[in-house]
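So this one's start_11.pdb, PDB, C-alpha atoms, pLDDT in the B column:
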```pdb
MODEL        1
ATOM      1  CA  MET A   1      -6.136 -19.443 -16.246  1.00 67.00           C
ATOM      2  CA  THR A   2      -5.835 -20.202 -12.549  1.00 80.00           C
ATOM      3  CA  PRO A   3      -6.010 -17.369  -9.991  1.00 81.00           C
ATOM      4  CA  ASP A   4      -2.322 -17.857  -9.127  1.00 81.00           C
ATOM      5  CA  LYS A   5      -1.254 -17.646 -12.777  1.00 82.00           C
ATOM      6  CA  PHE A   6      -3.463 -14.609 -13.310  1.00 78.00           C
ATOM      7  CA  LEU A   7      -1.909 -12.849 -10.302  1.00 77.00           C
ATOM      8  CA  LYS A   8       1.620 -13.588 -11.537  1.00 81.00           C
ATOM      9  CA  HIS A   9       0.683 -12.333 -14.999  1.00 81.00           C
ATOM     10  CA  LEU A  10      -0.817  -9.157 -13.527  1.00 78.00           C
ATOM     11  CA  GLN A  11       2.261  -8.533 -11.364  1.00 76.00           C
ATOM     12  CA  ALA A  12       4.594  -9.027 -14.315  1.00 78.00           C
ATOM     13  CA  HIS A  13       2.521  -6.692 -16.489  1.00 79.00           C
ATOM     14  CA  ALA A  14       2.401  -4.003 -13.781  1.00 77.00           C
ATOM     15  CA  ALA A  15       6.149  -4.270 -13.220  1.00 74.00           C
ATOM     16  CA  SER A  16       6.922  -3.938 -16.935  1.00 78.00           C
ATOM     17  CA  PHE A  17       4.517  -1.005 -17.280  1.00 78.00           C
ATOM     18  CA  ALA A  18       6.065   0.771 -14.288  1.00 76.00           C
ATOM     19  CA  LYS A  19       9.527   0.192 -15.741  1.00 79.00           C
ATOM     20  CA  ALA A  20       8.426   1.517 -19.131  1.00 81.00           C
ATOM     21  CA  VAL A  21       7.139   4.794 -17.702  1.00 82.00           C
ATOM     22  CA  GLY A  22      10.152   5.198 -15.421  1.00 82.00           C
ATOM     23  CA  VAL A  23       8.571   4.583 -12.012  1.00 77.00           C
ATOM     24  CA  ARG A  24      11.238   3.715  -9.469  1.00 78.00           C
ATOM     25  CA  ARG A  25      10.560   1.171  -6.769  1.00 76.00           C
ATOM     26  CA  PRO A  26      10.547   2.737  -3.304  1.00 75.00           C
ATOM     27  CA  TYR A  27      12.635  -0.160  -2.009  1.00 76.00           C
ATOM     28  CA  MET A  28      15.043  -2.692  -3.436  1.00 79.00           C
ATOM     29  CA  ASN A  29      15.583  -5.269  -0.690  1.00 85.00           C
ATOM     30  CA  LEU A  30      14.280  -6.322   2.713  1.00 89.00           C
ATOM     31  CA  LYS A  31      16.250  -3.687   4.622  1.00 89.00           C
ATOM     32  CA  THR A  32      14.966  -0.806   2.500  1.00 87.00           C
ATOM     33  CA  TYR A  33      11.449  -2.315   2.448  1.00 87.00           C
ATOM     34  CA  LEU A  34      11.370  -2.326   6.264  1.00 91.00           C
ATOM     35  CA  ALA A  35      12.494   1.320   6.334  1.00 90.00           C
ATOM     36  CA  TYR A  36       9.815   2.202   3.734  1.00 86.00           C
ATOM     37  CA  LYS A  37       7.171   0.363   5.764  1.00 88.00           C
ATOM     38  CA  GLN A  38       8.257   2.114   8.985  1.00 91.00           C
ATOM     39  CA  ARG A  39       7.953   5.542   7.333  1.00 90.00           C
ATOM     40  CA  GLY A  40       4.382   4.682   6.336  1.00 88.00           C
ATOM     41  CA  THR A  41       3.565   3.490   9.848  1.00 89.00           C
ATOM     42  CA  ASP A  42       5.077   6.641  11.345  1.00 91.00           C
ATOM     43  CA  THR A  43       2.984   8.796   9.009  1.00 89.00           C
ATOM     44  CA  LEU A  44      -0.222   7.012  10.008  1.00 86.00           C
ATOM     45  CA  LYS A  45       0.615   7.351  13.701  1.00 90.00           C
ATOM     46  CA  ALA A  46       1.359  11.055  13.300  1.00 91.00           C
ATOM     47  CA  HIS A  47      -2.089  11.614  11.776  1.00 88.00           C
ATOM     48  CA  ALA A  48      -4.077   9.117  13.887  1.00 87.00           C
ATOM     49  CA  LYS A  49      -6.373  11.746  15.459  1.00 87.00           C
ATOM     50  CA  GLU A  50      -7.098  13.348  12.094  1.00 87.00           C
ATOM     51  CA  LEU A  51      -7.855   9.966  10.522  1.00 80.00           C
ATOM     52  CA  ALA A  52     -10.122   9.009  13.432  1.00 81.00           C
ATOM     53  CA  SER A  53     -12.098  12.238  13.060  1.00 82.00           C
ATOM     54  CA  LEU A  54     -12.537  11.587   9.330  1.00 78.00           C
ATOM     55  CA  ILE A  55     -13.949   8.163  10.124  1.00 73.00           C
ATOM     56  CA  GLU A  56     -16.305   9.615  12.737  1.00 73.00           C
ATOM     57  CA  ASP A  57     -17.507  12.254  10.251  1.00 70.00           C
ATOM     58  CA  ASP A  58     -18.372   9.691   7.550  1.00 66.00           C
ATOM     59  CA  PRO A  59     -21.464   7.614   8.431  1.00 65.00           C
ATOM     60  CA  ASP A  60     -20.833   5.202   5.514  1.00 66.00           C
ATOM     61  CA  ILE A  61     -17.547   3.901   6.976  1.00 56.00           C
ATOM     62  CA  GLU A  62     -17.906   0.824   9.137  1.00 61.00           C
ATOM     63  CA  GLU A  63     -15.264  -0.049  11.682  1.00 59.00           C
ATOM     64  CA  ALA A  64     -13.495  -3.340  11.186  1.00 58.00           C
ATOM     65  CA  PRO A  65     -14.122  -5.903  13.932  1.00 60.00           C
ATOM     66  CA  SER A  66     -11.353  -6.062  16.544  1.00 55.00           C
TER      67      SER A  66
ENDMDL
END
```
Rendering of file as structure tokens:
Amino acid sequence: MTPDKFLKHLQAHAASFAKAVGVRRPYMNLKTYLAYKQRGTDTLKAHAKELASLIEDDPDIEEAPS
């Protein structure tokens, strides 16, 4: 099985599993996806100082190159 086919199979399986257990998608189209993405970005920005201090406190975390 090629990597592309495997990924499609995995996505289909995850989608059917989520549907079976009743998990709702947080977005249904591009407009709602962009709103969902913005909420996540806003949350990260609101907690940026806290996240930065967690990174500074953990010596095992390496910063990604800029």
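Interatomic distance, CA of Gln11 in chain A to CA of Tyr36 in chain A: 20.0 Å.
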**OP:** Record the distance separating CA of Arg25 in chain A and CA of Leu51 in chain A, expressed in Å with one decimal.
**Re:** 26.7 Å
Subject >> Point-to-point distance from CA of Tyr27 in chain A to CA of Arg39 in chain A, Å rounded to tenths >> reply: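 Distance reported for this atom pair: 11.9 Å.
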